[in-house]
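Below is one structure, written out as structure tokens; the observations come after it.
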Amino acid sequence: MEKSSNSTGQVHWHSLPVDEIYRRLDTSPEGLTDKSAEERSLKYGWNKLPEKSGVNPVMKFLKHFDNLLIYILLIAAVITALMGNWLVTGVIFGVELINAVIGYIQENKAERAIRGISNMLPGHAKVIRSSQTKSILAESLVPGDIVLLKAGDKIPADIRLTEATNMKIEEAVLTGESLPVNKTTEVFPEESLPADRKCMAYSGTLVTNGIGTGIVVCTGVHTQIGQISKMMENVQTLSTPLMRKFDRFGKMLAIAIIFLSAIFFMLGYFIQGYALNELFLIVVGIAVSLIPEGLPVLMTITLAKGVLKMAKQNAIIRKLPSVETLGEVTVICSDKTGTLTKNEMTVTDVLLANKQYTVTGVGYSPVGEIFDNGKKVAMGESDGFDELLQGVALCSTSEANKSGDEWSIIGDPTESALLSLALKGGYYGFKNNKRLDIIPFDSSQKFMAVLIPGEHFNTIYLKGAPEKVLEMSVFHGSIGQSDTNSPEWWKEQLSSLASEGKRIIATASKKVPLDYKNILLSDVFNMDFLGIVAMIDPPRQEAIKAIEQCHQAGVEVKMITGDHTLTAKAIGESLNIVKEDNVISGPELEKLSDIELEAVAKKYQVFARTTPEHKLRLVKALQSNGQIVAMTGDGVNDAPALKRADVGIAMGIKGTDVTKDSAEMILADDNFATIAKAVFEGRSIYDNLKKSILFVLPTNGAEGFVMMASVLIGGHMPITPLQILWINLVTAVTLGFALAFEPGEPNVTTRPPRKPNEPILDGFLIWRIGFVSVLLGSITLMVHHFLIQFGADYGHARSAAVNTLVAGEVFYLLNCRYLREPVLGKGFFSNPKVFYAISSVVLIQLFFTYTPFMNILFDTTPLHTRELTWILAAGLLFFIIVEIEKMITKKIFDNDSEKGGYFNPFKKIVPIRKSENGTMKSLWSNPSRSNFM
């Protein structure tokens, strides 16, 4: 036996005649023997996909300690332990343990995509072995097995069809085709795409009509669906932009902390003369003060809040950081079928020789009307109109049932659309008519015919491909319009409708004597041509509006589909995705190198006749152009691209398990409009993250400033490492939590997306953080210094310093609610969580300051009324100065924006320009120059 594609992957089974396949696989119509099948099973393995082993839970937990900043804290904990300061050691270890537990709980990185694909495969298959028909486990199939198929069967392996009678297979999950594909046994060219190999039945697809027989040519990982599974294993999952920025920021901060700790250790030892014991505690204090321990928790809270809010809007987030990434999306790549369209054929036009009607309504529901130049029409309009409705309704295998006032239609999409048309026109006679005979649709003859009994004569109704029905018909013309009922005229109409991407069905009829009880092929000629019906898989109306919103927000929408170019172009135009001939097909993409594809991916908006490989390559090409890509889809063919995309978005209703398990977000309502809402919500969450960062980092900066300034002065430490941990974990997180509930900024739906390389900490934020750090640190040192000067002991002075920092944070929380706008305005009470948080912190801090247990634990002393007044006044002064700074920088920022730049106090005005998609781009040749985070 020659090697099959299971071992070589080079055999193009669709291009070989059946006899040659029998020879290559050493099989026959009688099937394999059980012994031969067993031998092949040992050679080729089971017909199933390998399951991916999960990550060890222990290693998964320990991974949360794999961070330079964490290493620094752990080293600090070890140093304090060696010094015998077990309390500080315990608190540091406790902090890190809490952060790791939160991260472990939130993480959901178990890859279930491969299991999802495996679940698509059927449990049993009907085969012929040793001339006997038997049912076996689908996983026992081997190349060379002869498989029997019927309507309703899920294909168990890749099969080359040897017989196909009225056979249609639903392949949307694999190829993206919205309609079932008519199957044949003909040979097709080697270069044919999977969607065009009509002699093949692929694993995981579904037989919707007819029966067939075929030879198993590929099993397991060697099937088309298996290759997609393999692609997914090899697809590199990118970390989110937020995570990449924080990783970069963490490394930079770790290096800075190590450098500063070393510098101040040397200053303290060689210049200020601190004892080693004390100096080690000071260095630990500097390290602890500069590390934002509470930031990961605060980020988790903010993102989790966003997840809950999005879930209420039917957007289910599977991976927490993807909430923020949505706000950075610059391009959405969407599958067409079932995502932008309803995946339900709808009749739009009815054309007779002397009339053209338009049809309203969408989908199979018979809710809609038929119009002739704005006038509503129904049965009784004309004999030709009535007979066309009867023909399309009677020559159909779909079924319509009524329950109360509601109709439901079940069956082939095309025939269901025709039945819906008849109901809209008021024809219900199909419920009472019985067929005397039928010629079922066959892909080789391209038509279907039925014989319907009548009172004076019987009638043959024929429907099928227009070119075929035209060949079988005669034309009688119309009075005064004979030129409108000729084959040439009809072909012009067909060409016009096809250019709009519409699927066209033609119908004809013929009267025969009452004694006709059977239809012969010779009877279906010289038919009276009735007319044509045009239909389309209509776009979702909500998708049109959502795409417009995306364009307004500077987000590109690209359609990637397996449909034909004309259909894709028509749908793209109806959705306002493409206005010109901006469509390219999969075969054209095949000829492009990766570099060439990058330019094409940027230029074109609609991609037709694509394969899974094309979708994956397009996503990679867009990412190479610096785009942040969201990919939507519902079929298996979308899964690799969803996994690679920055945000994979799966349809929750029509989406497969594979797609859902590969995505970061699932649309519970399959509504494209939900994506637009999610993008805007992502932007709001990003704003709140920036506010949280802008709140937390100056706190750390102020603490570090206090510690480092004290070393330079050579004085007593105003705060201890343990007190720093108290401020960072308890106070900062409690207050920062309230910022997660801030409503979105007014311009969130109209501003362009952030540049992919835009740092979280741009020049403006670095200025604000530095300014606030120095200001709050200086005020804290002043309060500590004045109390010492007025005779207070170090316990009172330290308690006052800690409470000054906390009071500053409370007031600064109010400052942070708006980045540049004044906080005292009509929106001051829009977020009650802010005032709940402030009240909580005040109570916690009173407990910290006035309970003996906390005084002993943290080495503090209760404060007097005079000292509390000083602290309150210092906090209020700090608040006023920051508000004045906001007014000044806002004025500078607005002026710089008018000049075409953005505010950066460390450089000249940075010029910006608009890119082709409306996003703002810096003219600096090296974008990393401002890439602080």
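By convention here, the chains of the structure tokens are called A, B, ... in the order presented, each chain's residues are numbered starting at 1, and ligands are numbered starting at 1 in the order presented.
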
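Every protein or nucleic acid residue with an atom no more than 10 Å from Ile258 (chain A), counting only C-alpha atoms and leaving out same-chain residues fewer than 2 positions away, appears here: Leu69, Ile72, Leu253, Ala254, Ile255, Ala256, Leu260, Ser261, Ala262, Ile263, Val283, Ile286 and Ala287 of chain A.
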
Take the residues just selected and output them with N, CA, C and O atoms as a PDB file, in the first residue's frame.
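Saved to again22.pdb:
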```
ATOM      1  N   LEU A  69      10.673  42.662  40.704  1.00  0.00           N
ATOM      2  CA  LEU A  69      10.267  43.444  41.878  1.00  0.00           C
ATOM      3  C   LEU A  69       9.989  42.529  43.070  1.00  0.00           C
ATOM      4  O   LEU A  69      10.317  42.868  44.221  1.00  0.00           O
ATOM      5  N   ILE A  72      13.210  41.429  44.633  1.00  0.00           N
ATOM      6  CA  ILE A  72      13.801  42.457  45.493  1.00  0.00           C
ATOM      7  C   ILE A  72      13.140  42.455  46.869  1.00  0.00           C
ATOM      8  O   ILE A  72      13.805  42.535  47.908  1.00  0.00           O
ATOM      9  N   LEU A 253      11.916  49.665  36.824  1.00  0.00           N
ATOM     10  CA  LEU A 253      11.805  50.073  38.224  1.00  0.00           C
ATOM     11  C   LEU A 253      12.729  49.241  39.101  1.00  0.00           C
ATOM     12  O   LEU A 253      13.358  49.766  40.036  1.00  0.00           O
ATOM     13  N   ALA A 254      12.836  47.930  38.824  1.00  0.00           N
ATOM     14  CA  ALA A 254      13.723  47.067  39.608  1.00  0.00           C
ATOM     15  C   ALA A 254      15.166  47.525  39.498  1.00  0.00           C
ATOM     16  O   ALA A 254      15.903  47.595  40.510  1.00  0.00           O
ATOM     17  N   ILE A 255      15.589  47.847  38.284  1.00  0.00           N
ATOM     18  CA  ILE A 255      16.961  48.328  38.089  1.00  0.00           C
ATOM     19  C   ILE A 255      17.183  49.630  38.845  1.00  0.00           C
ATOM     20  O   ILE A 255      18.210  49.827  39.514  1.00  0.00           O
ATOM     21  N   ALA A 256      16.186  50.535  38.779  1.00  0.00           N
ATOM     22  CA  ALA A 256      16.301  51.819  39.471  1.00  0.00           C
ATOM     23  C   ALA A 256      16.363  51.628  40.983  1.00  0.00           C
ATOM     24  O   ALA A 256      17.155  52.303  41.670  1.00  0.00           O
ATOM     25  N   LEU A 260      19.421  52.799  43.259  1.00  0.00           N
ATOM     26  CA  LEU A 260      19.238  53.777  44.342  1.00  0.00           C
ATOM     27  C   LEU A 260      19.586  53.192  45.702  1.00  0.00           C
ATOM     28  O   LEU A 260      20.192  53.865  46.548  1.00  0.00           O
ATOM     29  N   SER A 261      19.211  51.937  45.916  1.00  0.00           N
ATOM     30  CA  SER A 261      19.535  51.300  47.197  1.00  0.00           C
ATOM     31  C   SER A 261      21.032  51.222  47.391  1.00  0.00           C
ATOM     32  O   SER A 261      21.551  51.487  48.498  1.00  0.00           O
ATOM     33  N   ALA A 262      21.746  50.876  46.328  1.00  0.00           N
ATOM     34  CA  ALA A 262      23.213  50.800  46.423  1.00  0.00           C
ATOM     35  C   ALA A 262      23.816  52.174  46.673  1.00  0.00           C
ATOM     36  O   ALA A 262      24.733  52.328  47.519  1.00  0.00           O
ATOM     37  N   ILE A 263      23.330  53.188  45.972  1.00  0.00           N
ATOM     38  CA  ILE A 263      23.844  54.550  46.146  1.00  0.00           C
ATOM     39  C   ILE A 263      23.640  55.029  47.573  1.00  0.00           C
ATOM     40  O   ILE A 263      24.565  55.557  48.227  1.00  0.00           O
ATOM     41  N   VAL A 283      17.905  50.799  53.953  1.00  0.00           N
ATOM     42  CA  VAL A 283      17.905  50.348  52.560  1.00  0.00           C
ATOM     43  C   VAL A 283      16.654  49.510  52.272  1.00  0.00           C
ATOM     44  O   VAL A 283      16.035  49.632  51.215  1.00  0.00           O
ATOM     45  N   ILE A 286      13.831  51.895  51.861  1.00  0.00           N
ATOM     46  CA  ILE A 286      13.827  52.545  50.544  1.00  0.00           C
ATOM     47  C   ILE A 286      13.255  51.603  49.489  1.00  0.00           C
ATOM     48  O   ILE A 286      12.419  51.990  48.659  1.00  0.00           O
ATOM     49  N   ALA A 287      13.714  50.340  49.519  1.00  0.00           N
ATOM     50  CA  ALA A 287      13.234  49.365  48.532  1.00  0.00           C
ATOM     51  C   ALA A 287      11.737  49.143  48.676  1.00  0.00           C
ATOM     52  O   ALA A 287      10.998  49.144  47.687  1.00  0.00           O
TER      53      ALA A 287
END
```

- Item | Residue list (helix (DSSP H, G or I), DSSP) for region 184-228 of chain A, as JSON, numbers by chain | {"A": [194, 195, 196, 220, 221, 222, 224, 225, 226, 227, 228]}

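CA of Ser396 (chain A) lies 20.2 Å from CA of Gly368 (chain A).
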
- Task: Using DSSP on the backbone coordinates, identify all residues within region 621-763 of chain A classified as strand (DSSP E); present the result as a PyMOL selection string.
- Result: chain A and resi 629-633+647-651+665-667

Can I get the selection written as a tab-separated table (two decimals), in the first residue's frame, with N, CA and C atoms?
```
chain	number	residue	atom	x	y	z
A	629	VAL	N	-4.98	44.07	17.30
A	629	VAL	CA	-5.99	43.40	16.49
A	629	VAL	C	-6.99	42.63	17.36
A	630	ALA	N	-8.27	42.85	17.07
A	630	ALA	CA	-9.34	42.02	17.62
A	630	ALA	C	-9.89	41.19	16.47
A	631	MET	N	-10.10	39.90	16.71
A	631	MET	CA	-10.61	39.00	15.67
A	631	MET	C	-11.88	38.36	16.16
A	632	THR	N	-12.95	38.48	15.40
A	632	THR	CA	-14.21	37.85	15.78
A	632	THR	C	-14.45	36.63	14.91
A	633	GLY	N	-15.23	35.69	15.42
A	633	GLY	CA	-15.55	34.51	14.64
A	633	GLY	C	-16.41	33.55	15.41
A	647	VAL	N	-6.96	40.40	20.91
A	647	VAL	CA	-8.24	40.08	21.57
A	647	VAL	C	-9.04	39.18	20.63
A	648	GLY	N	-9.25	37.93	21.01
A	648	GLY	CA	-10.09	37.02	20.24
A	648	GLY	C	-11.51	37.11	20.76
A	649	ILE	N	-12.48	37.31	19.85
A	649	ILE	CA	-13.88	37.51	20.25
A	649	ILE	C	-14.73	36.42	19.60
A	650	ALA	N	-15.33	35.57	20.40
A	650	ALA	CA	-16.13	34.45	19.88
A	650	ALA	C	-17.62	34.73	20.04
A	651	MET	N	-18.42	34.18	19.12
A	651	MET	CA	-19.87	34.27	19.23
A	651	MET	C	-20.37	33.25	20.26
A	665	MET	N	-12.72	36.92	24.71
A	665	MET	CA	-14.04	37.47	25.00
A	665	MET	C	-15.10	36.70	24.22
A	666	ILE	N	-16.25	36.48	24.84
A	666	ILE	CA	-17.36	35.80	24.18
A	666	ILE	C	-18.56	36.73	24.18
A	667	LEU	N	-19.19	36.88	23.00
A	667	LEU	CA	-20.40	37.69	22.89
A	667	LEU	C	-21.60	36.81	23.19
```

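Minimum atom-to-atom distance to Phe447 (chain A), evaluated using only C-alpha atoms, belongs to A:Ala506 out of A:Ala506, A:Met252, A:Val802, A:Ile291.
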
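Counting only C-alpha atoms and comparing A:Val18, A:Ile460, A:Ala138, A:Leu566, the residue that lies closest to Thr184 (chain A) is A:Val18.
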
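Counting only C-alpha atoms and comparing A:Val221, A:Met472, A:Val882, A:Ala641, the residue that lies closest to Ile769 (chain A) is A:Val882.
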
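The residue that comes closest to Gln313 (chain A), out of A:Ile884, A:Val679, A:Ile75, A:Leu814 and on the basis of only C-alpha atoms, is A:Val679.
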
- For Leu340 (chain A), the nearest of the candidates A:Gly31, A:Gly220, A:Pro538, A:Gly327, counting only C-alpha atoms: A:Pro538

- For Thr133 (chain A), work out the shell of residues within 10 Å, counting only C-alpha atoms and skipping chain neighbours fewer than 3 positions away, then give it as a list in words. Glu30, Gly31, Lys126, Val127, Ile128, Arg129, Ser130, Ile136, Ile146, Val147 and Leu148 of chain A

Convert the current residue selection to file output with N, CA, C and O atoms, as an mmCIF file, in the first residue's frame.
```cif
data_model
loop_
_atom_site.group_PDB
_atom_site.id
_atom_site.type_symbol
_atom_site.label_atom_id
_atom_site.label_comp_id
_atom_site.auth_asym_id
_atom_site.auth_seq_id
_atom_site.Cartn_x
_atom_site.Cartn_y
_atom_site.Cartn_z
ATOM 1 N N GLU A 30 -15.981 -3.151 -1.172
ATOM 2 C CA GLU A 30 -16.380 -4.119 -0.143
ATOM 3 C C GLU A 30 -15.773 -3.790 1.216
ATOM 4 O O GLU A 30 -16.096 -4.409 2.227
ATOM 5 N N GLY A 31 -14.843 -2.843 1.256
ATOM 6 C CA GLY A 31 -14.263 -2.411 2.514
ATOM 7 C C GLY A 31 -13.065 -3.231 2.942
ATOM 8 O O GLY A 31 -12.670 -4.198 2.295
ATOM 9 N N LYS A 126 -20.795 4.502 10.515
ATOM 10 C CA LYS A 126 -21.286 3.310 9.818
ATOM 11 C C LYS A 126 -20.334 3.001 8.655
ATOM 12 O O LYS A 126 -20.115 3.858 7.786
ATOM 13 N N VAL A 127 -19.746 1.824 8.671
ATOM 14 C CA VAL A 127 -18.737 1.459 7.669
ATOM 15 C C VAL A 127 -19.085 0.118 7.014
ATOM 16 O O VAL A 127 -19.933 -0.640 7.506
ATOM 17 N N ILE A 128 -18.418 -0.107 5.887
ATOM 18 C CA ILE A 128 -18.494 -1.422 5.229
ATOM 19 C C ILE A 128 -17.155 -2.117 5.445
ATOM 20 O O ILE A 128 -16.109 -1.591 5.047
ATOM 21 N N ARG A 129 -17.204 -3.263 6.096
ATOM 22 C CA ARG A 129 -15.998 -4.074 6.277
ATOM 23 C C ARG A 129 -16.326 -5.514 5.889
ATOM 24 O O ARG A 129 -17.320 -6.078 6.372
ATOM 25 N N SER A 130 -15.484 -6.042 5.008
ATOM 26 C CA SER A 130 -15.702 -7.414 4.498
ATOM 27 C C SER A 130 -17.117 -7.557 3.936
ATOM 28 O O SER A 130 -17.824 -8.539 4.222
ATOM 29 N N ILE A 136 -19.164 1.253 14.043
ATOM 30 C CA ILE A 136 -17.953 1.164 14.874
ATOM 31 C C ILE A 136 -17.698 2.513 15.533
ATOM 32 O O ILE A 136 -18.277 3.537 15.157
ATOM 33 N N ILE A 146 -14.474 2.273 4.204
ATOM 34 C CA ILE A 146 -15.595 2.759 3.401
ATOM 35 C C ILE A 146 -16.701 3.181 4.362
ATOM 36 O O ILE A 146 -17.194 2.364 5.153
ATOM 37 N N VAL A 147 -17.097 4.446 4.310
ATOM 38 C CA VAL A 147 -18.053 5.015 5.267
ATOM 39 C C VAL A 147 -19.350 5.370 4.554
ATOM 40 O O VAL A 147 -19.339 5.921 3.448
ATOM 41 N N LEU A 148 -20.474 5.052 5.205
ATOM 42 C CA LEU A 148 -21.806 5.402 4.698
ATOM 43 C C LEU A 148 -22.301 6.651 5.421
ATOM 44 O O LEU A 148 -22.215 6.742 6.657
#
```

- Item | Contact residues around Ala543 (chain A) with only C-alpha atoms at 7 Å, ignoring same-chain residues under 2 positions, as a PyMOL selection string | chain A and resi 340+540-541+545-547+672-673
